[in-house]
$ cat target-v2.csv   # CSV, C-alpha atoms
chain,number,residue,atom,x,y,z
A,1,MET,CA,102.6,137.4,92.6
A,2,ALA,CA,104.3,134.3,93.9
A,3,ASP,CA,104.7,133.0,90.3
A,4,GLU,CA,106.5,136.2,89.2
A,5,ARG,CA,110.0,137.4,90.0
A,6,SER,CA,112.2,140.3,88.9
A,7,VAL,CA,115.3,139.3,87.0
A,8,PRO,CA,118.1,141.4,85.2
A,9,ALA,CA,117.0,142.7,81.8
A,10,ARG,CA,120.7,142.6,80.6
A,11,THR,CA,124.2,142.6,81.9
A,12,GLY,CA,125.0,145.8,83.9
A,13,ARG,CA,128.3,147.3,84.9
A,14,SER,CA,129.6,150.1,87.1
A,15,GLU,CA,132.9,151.5,88.4
A,16,THR,CA,133.6,152.9,91.9
A,17,ARG,CA,136.9,154.5,93.0
A,18,GLU,CA,138.0,154.7,96.6
A,19,LYS,CA,141.4,156.1,97.6
A,20,ALA,CA,142.9,155.0,94.3
A,21,SER,CA,141.4,151.5,94.5
A,22,ARG,CA,139.2,150.6,91.5
A,23,PHE,CA,136.1,148.5,91.9
A,24,LEU,CA,134.6,147.2,88.6
A,25,ALA,CA,131.2,145.6,89.1
A,26,PHE,CA,129.2,143.4,86.8
A,27,ALA,CA,125.6,142.1,87.2
A,28,ALA,CA,124.7,139.3,84.8
A,29,PRO,CA,121.6,137.2,84.2
A,30,CYS,CA,122.1,133.6,85.5
A,31,GLU,CA,119.7,130.7,86.1
A,32,SER,CA,121.8,128.0,87.7
A,33,PRO,CA,124.9,127.5,90.0
A,34,GLU,CA,126.7,126.0,86.9
A,35,ALA,CA,126.0,129.1,84.8
A,36,ALA,CA,127.1,131.3,87.7
A,37,GLY,CA,130.4,129.3,87.9
A,38,GLN,CA,131.0,129.8,84.1
A,39,THR,CA,130.3,133.5,84.4
A,40,LEU,CA,132.7,133.8,87.3
A,41,ALA,CA,135.4,131.8,85.5
A,42,GLY,CA,135.1,134.2,82.5
A,43,TRP,CA,135.6,137.2,84.8
A,44,LYS,CA,138.6,135.6,86.3
A,45,ARG,CA,140.1,135.0,82.9
A,46,GLU,CA,139.4,138.5,81.8
A,47,PHE,CA,140.7,140.2,84.9
A,48,HIS,CA,143.4,137.7,85.8
A,49,ASP,CA,145.6,140.6,87.1
A,50,ALA,CA,143.0,141.8,89.6
A,51,THR,CA,143.7,141.9,93.4
A,52,HIS,CA,140.4,140.3,94.3
A,53,ILE,CA,137.2,139.2,92.4
A,54,ALA,CA,134.4,139.0,95.1
A,55,PHE,CA,130.9,137.9,94.1
A,56,ALA,CA,127.4,136.9,95.2
A,57,TRP,CA,124.5,135.2,93.4
A,58,ARG,CA,120.9,134.7,94.0
A,59,LEU,CA,118.9,132.1,92.0
A,60,GLY,CA,115.3,131.0,91.9
A,61,PRO,CA,112.0,132.3,93.4
A,62,PRO,CA,112.7,134.9,96.2
A,63,GLU,CA,110.9,132.8,98.8
A,64,SER,CA,113.2,129.8,98.2
A,65,ALA,CA,116.2,131.4,96.5
A,66,GLN,CA,119.6,129.8,96.5
A,67,THR,CA,122.3,132.2,97.5
A,68,ARG,CA,126.1,132.2,97.7
A,69,ALA,CA,128.7,134.9,98.5
A,70,SER,CA,132.5,135.0,98.5
A,71,ASP,CA,134.9,137.6,100.0
A,72,ALA,CA,137.6,136.2,97.6
A,73,GLY,CA,140.4,136.9,100.1
A,74,GLU,CA,139.1,140.2,101.5
A,75,PRO,CA,138.5,140.5,105.3
A,76,SER,CA,135.5,138.4,106.3
A,77,GLY,CA,132.2,140.1,105.6
A,78,THR,CA,133.6,143.1,103.7
A,79,ALA,CA,132.9,142.0,100.1
A,80,GLY,CA,130.6,139.1,99.5
A,81,LYS,CA,128.0,140.1,102.1
A,82,PRO,CA,127.7,143.7,100.9
A,83,ILE,CA,127.3,142.5,97.3
A,84,ALA,CA,124.6,140.1,98.4
A,85,SER,CA,122.9,142.9,100.3
A,86,ALA,CA,122.8,145.1,97.1
A,87,ILE,CA,121.1,142.2,95.2
A,88,GLU,CA,118.6,141.6,98.0
A,89,SER,CA,117.8,145.4,98.3
A,90,ALA,CA,117.0,145.5,94.6
A,91,ASP,CA,114.7,142.4,95.1
A,92,LEU,CA,116.4,140.8,92.1
A,93,THR,CA,117.0,137.1,91.5
A,94,ASP,CA,118.5,134.9,88.8
A,95,VAL,CA,121.6,137.1,88.9
A,96,ILE,CA,125.3,136.9,89.7
A,97,VAL,CA,127.2,140.1,90.7
A,98,GLY,CA,131.0,140.2,90.6
A,99,VAL,CA,133.2,143.0,91.8
A,100,VAL,CA,136.7,143.2,90.5
A,101,ARG,CA,139.1,145.2,92.8
A,102,TYR,CA,142.4,146.7,91.8
A,103,PHE,CA,144.3,147.8,95.0
A,104,GLY,CA,145.4,151.4,94.9
A,105,GLY,CA,148.0,151.2,97.6
A,106,THR,CA,145.9,152.7,100.5
A,107,LYS,CA,144.1,150.4,102.9
A,108,LEU,CA,140.4,151.3,103.1
A,109,GLY,CA,139.6,149.5,106.4
A,110,THR,CA,136.7,147.1,106.8
A,111,GLY,CA,134.0,149.8,106.8
A,112,GLY,CA,135.5,151.5,103.7
A,113,LEU,CA,135.8,148.2,101.9
A,114,ALA,CA,132.2,147.2,102.6
A,115,ARG,CA,130.9,150.5,101.5
A,116,ALA,CA,132.9,150.4,98.2
A,117,TYR,CA,131.8,146.9,97.4
A,118,ARG,CA,128.2,147.6,98.0
A,119,ALA,CA,128.2,150.8,96.0
A,120,ALA,CA,129.9,149.1,93.1
A,121,ALA,CA,127.4,146.2,93.2
A,122,ALA,CA,124.4,148.4,93.6
A,123,GLY,CA,125.5,150.5,90.5
A,124,ALA,CA,125.9,147.3,88.4
A,125,VAL,CA,122.5,146.0,89.5
A,126,ALA,CA,120.8,149.3,88.7
A,127,ASP,CA,122.5,149.4,85.3
A,128,ALA,CA,121.2,145.8,84.5
A,129,GLY,CA,117.6,147.0,84.8
A,130,ARG,CA,114.9,144.6,85.5
A,131,THR,CA,112.2,142.6,83.8
A,132,THR,CA,109.6,140.2,85.1
A,133,ARG,CA,109.9,136.5,84.7
A,134,VAL,CA,106.8,134.3,85.1
A,135,ASP,CA,107.4,130.8,86.2
A,136,THR,CA,105.3,128.0,84.7
A,137,ARG,CA,105.1,124.2,84.9
A,138,VAL,CA,104.0,122.2,81.9
A,139,VAL,CA,101.4,119.4,82.2
A,140,THR,CA,100.8,117.2,79.2
A,141,VAL,CA,97.3,115.7,79.1
A,142,ALA,CA,96.1,112.9,76.9
A,143,CYS,CA,92.5,112.1,76.0
A,144,GLY,CA,90.2,110.9,73.2
A,145,TYR,CA,88.7,113.1,70.6
A,146,ASP,CA,85.4,113.0,72.3
A,147,ARG,CA,86.8,114.8,75.4
A,148,VAL,CA,88.8,117.6,73.7
A,149,GLY,CA,86.2,120.3,74.5
A,150,GLU,CA,86.2,119.2,78.2
A,151,LEU,CA,90.0,119.3,78.3
A,152,ARG,CA,90.2,122.7,76.7
A,153,ARG,CA,87.9,124.1,79.5
A,154,PHE,CA,90.7,123.6,82.0
A,155,ALA,CA,92.6,126.5,80.3
A,156,SER,CA,92.1,129.6,82.4
A,157,PRO,CA,94.5,132.4,81.3
A,158,PRO,CA,96.8,133.7,82.6
A,159,GLY,CA,97.2,131.0,85.3
A,160,ILE,CA,96.6,128.1,83.0
A,161,VAL,CA,97.3,128.4,79.3
A,162,LEU,CA,96.8,125.9,76.4
A,163,ALA,CA,100.3,125.9,75.1
A,164,GLY,CA,99.8,123.4,72.2
A,165,GLU,CA,98.0,120.4,70.9
A,166,THR,CA,99.0,117.3,68.9
A,167,PHE,CA,96.6,115.0,67.2
A,168,GLY,CA,97.2,111.3,66.5
A,169,GLU,CA,95.4,108.3,67.8
A,170,SER,CA,94.6,110.5,70.7
A,171,VAL,CA,94.9,114.2,71.6
A,172,ARG,CA,97.8,115.4,73.6
A,173,ALA,CA,97.5,118.9,75.0
A,174,ARG,CA,100.2,120.9,76.8
A,175,LEU,CA,99.0,123.2,79.6
A,176,ALA,CA,101.4,125.9,80.9
A,177,VAL,CA,100.5,126.4,84.5
A,178,TYR,CA,101.6,128.9,87.3
A,179,PRO,CA,103.1,126.8,90.1
A,180,SER,CA,100.6,128.2,92.5
A,181,ARG,CA,97.8,126.8,90.4
A,182,LEU,CA,99.4,123.4,89.8
A,183,PRO,CA,98.0,121.5,92.8
A,184,ALA,CA,94.4,122.5,92.0
A,185,LEU,CA,94.8,121.7,88.3
A,186,LEU,CA,96.1,118.2,89.1
A,187,GLY,CA,93.3,117.6,91.5
A,188,ALA,CA,90.7,118.6,88.9
A,189,LEU,CA,92.4,116.4,86.3
A,190,ASP,CA,92.4,113.4,88.7
A,191,GLU,CA,88.8,114.0,89.5
A,192,ALA,CA,87.9,114.1,85.8
A,193,ARG,CA,90.0,111.0,85.2
A,194,PHE,CA,92.4,112.5,82.6
A,195,ALA,CA,95.8,110.9,82.1
A,196,TYR,CA,98.6,113.4,82.4
A,197,GLU,CA,102.3,113.9,83.0
A,198,VAL,CA,104.0,116.9,84.7
A,199,GLU,CA,107.2,117.9,83.0
A,200,PRO,CA,110.2,118.5,85.3
A,201,ALA,CA,110.7,122.0,86.5
A,202,GLY,CA,113.2,124.2,84.6
$ encode --input "target-v2.csv" --output "structure tokens"
Amino acid sequence: MADERSVPARTGRSETREKASRFLAFAAPCESPEAAGQTLAGWKREFHDATHIAFAWRLGPPESAQTRASDAGEPSGTAGKPIASAIESADLTDVIVGVVRYFGGTKLGTGGLARAYRAAAAGAVADAGRTTRVDTRVVTVACGYDRVGELRRFASPPGIVLAGETFGESVRARLAVYPSRLPALLGALDEARFAYEVEPAG
């Protein structure tokens, strides 16, 4: 479904060795570029003696995901791109994968580097597992008590769920809506002349 996406179930890790070089890989849940930066900074502090810490992240719905990758000083295309490829092959999003390399004294060549980085990243992604995240938007609708029944009929699980109600001078209902259902719901609310507000995404 367009409103669902696969995300890491937990932080995963793996280790790959290639001609005495060690590749420690980590796949961590992440929901924003700022969070990705914080996670990366933590790895850099923990592994401050590493030769390289290459990474890639993928955030948001797959059809419009934000992505970034860095070779971190390795030859162009030998680290960040293979890590990103491992993420994409797993069809995972809201994830950052970092691979920490300790040089073992023997050069691996561009092909060997790319294979080692991808293998390490793929191992960490697999270890992280996967769970399904369902995106929703929240619409707050206000009405008089005489229209509560009419308002509640807009709920149509699972795409539109009545997430809560508050009662004061008027009734305020919160509808949790799949993004794909949002335009149709807003059109129906407009047609029925309900007052509403759409909460910002995220």
$ residues_around --input "target-v2.csv" --residues "region 25-37 of chain A" --least-positions-apart "5" --cutoff "10 Å" --atoms "all atoms listed in the file" --output "ChimeraX atom specification"
/A:7-16,42-43,53-60,66-68,83,87,93-101,117-129,202
$ atom_distance --input "target-v2.csv" --atom1 "CA of Arg130 (chain A)" --atom2 "CA of Pro62 (chain A)"
14.6 Å
$ atom_distance --input "target-v2.csv" --atom1 "CA of Val139 (chain A)" --atom2 "CA of Ala65 (chain A)"
23.8 Å
$ residues_around --input "target-v2.csv" --residues "Val171 (chain A)" --least-positions-apart "5" --cutoff "10 Å" --atoms "all atoms listed in the file" --output "number ranges by chain"
A: 141-148, 151, 165-166
$ atom_distance --input "target-v2.csv" --atom1 "CA of Thr140 (chain A)" --atom2 "CA of Glu63 (chain A)"
27.0 Å
$ residues_near_point --input "target-v2.csv" --point "(140.7, 140.6, 103.1)" --cutoff "12 Å" --atoms "all atoms listed in the file" --output "PDB file with C-alpha atoms, in the frame of the given file"
ATOM      1  CA  THR A  51     143.700 141.900  93.400  1.00  0.00           C
ATOM      2  CA  HIS A  52     140.400 140.300  94.300  1.00  0.00           C
ATOM      3  CA  ILE A  53     137.200 139.200  92.400  1.00  0.00           C
ATOM      4  CA  ALA A  54     134.400 139.000  95.100  1.00  0.00           C
ATOM      5  CA  SER A  70     132.500 135.000  98.500  1.00  0.00           C
ATOM      6  CA  ASP A  71     134.900 137.600 100.000  1.00  0.00           C
ATOM      7  CA  ALA A  72     137.600 136.200  97.600  1.00  0.00           C
ATOM      8  CA  GLY A  73     140.400 136.900 100.100  1.00  0.00           C
ATOM      9  CA  GLU A  74     139.100 140.200 101.500  1.00  0.00           C
ATOM     10  CA  PRO A  75     138.500 140.500 105.300  1.00  0.00           C
ATOM     11  CA  SER A  76     135.500 138.400 106.300  1.00  0.00           C
ATOM     12  CA  GLY A  77     132.200 140.100 105.600  1.00  0.00           C
ATOM     13  CA  THR A  78     133.600 143.100 103.700  1.00  0.00           C
ATOM     14  CA  ALA A  79     132.900 142.000 100.100  1.00  0.00           C
ATOM     15  CA  GLY A  80     130.600 139.100  99.500  1.00  0.00           C
ATOM     16  CA  ARG A 101     139.100 145.200  92.800  1.00  0.00           C
ATOM     17  CA  PHE A 103     144.300 147.800  95.000  1.00  0.00           C
ATOM     18  CA  LYS A 107     144.100 150.400 102.900  1.00  0.00           C
ATOM     19  CA  LEU A 108     140.400 151.300 103.100  1.00  0.00           C
ATOM     20  CA  GLY A 109     139.600 149.500 106.400  1.00  0.00           C
ATOM     21  CA  THR A 110     136.700 147.100 106.800  1.00  0.00           C
ATOM     22  CA  GLY A 111     134.000 149.800 106.800  1.00  0.00           C
ATOM     23  CA  LEU A 113     135.800 148.200 101.900  1.00  0.00           C
ATOM     24  CA  ALA A 114     132.200 147.200 102.600  1.00  0.00           C
TER      25      ALA A 114
END
$ closest_residue --input "target-v2.csv" --among "A:Pro61, A:Gly112, A:Gly105, A:Pro200" --to "Pro82 (chain A)" --atoms "only C-alpha atoms"
A:Gly112
$ residues_around --input "target-v2.csv" --residues "region 172-188 of chain A" --least-positions-apart "5" --cutoff "10 Å" --atoms "only C-alpha atoms" --output "number ranges by chain"
A: 1-4, 134-145, 148, 151-152, 154-167, 193-199, 201
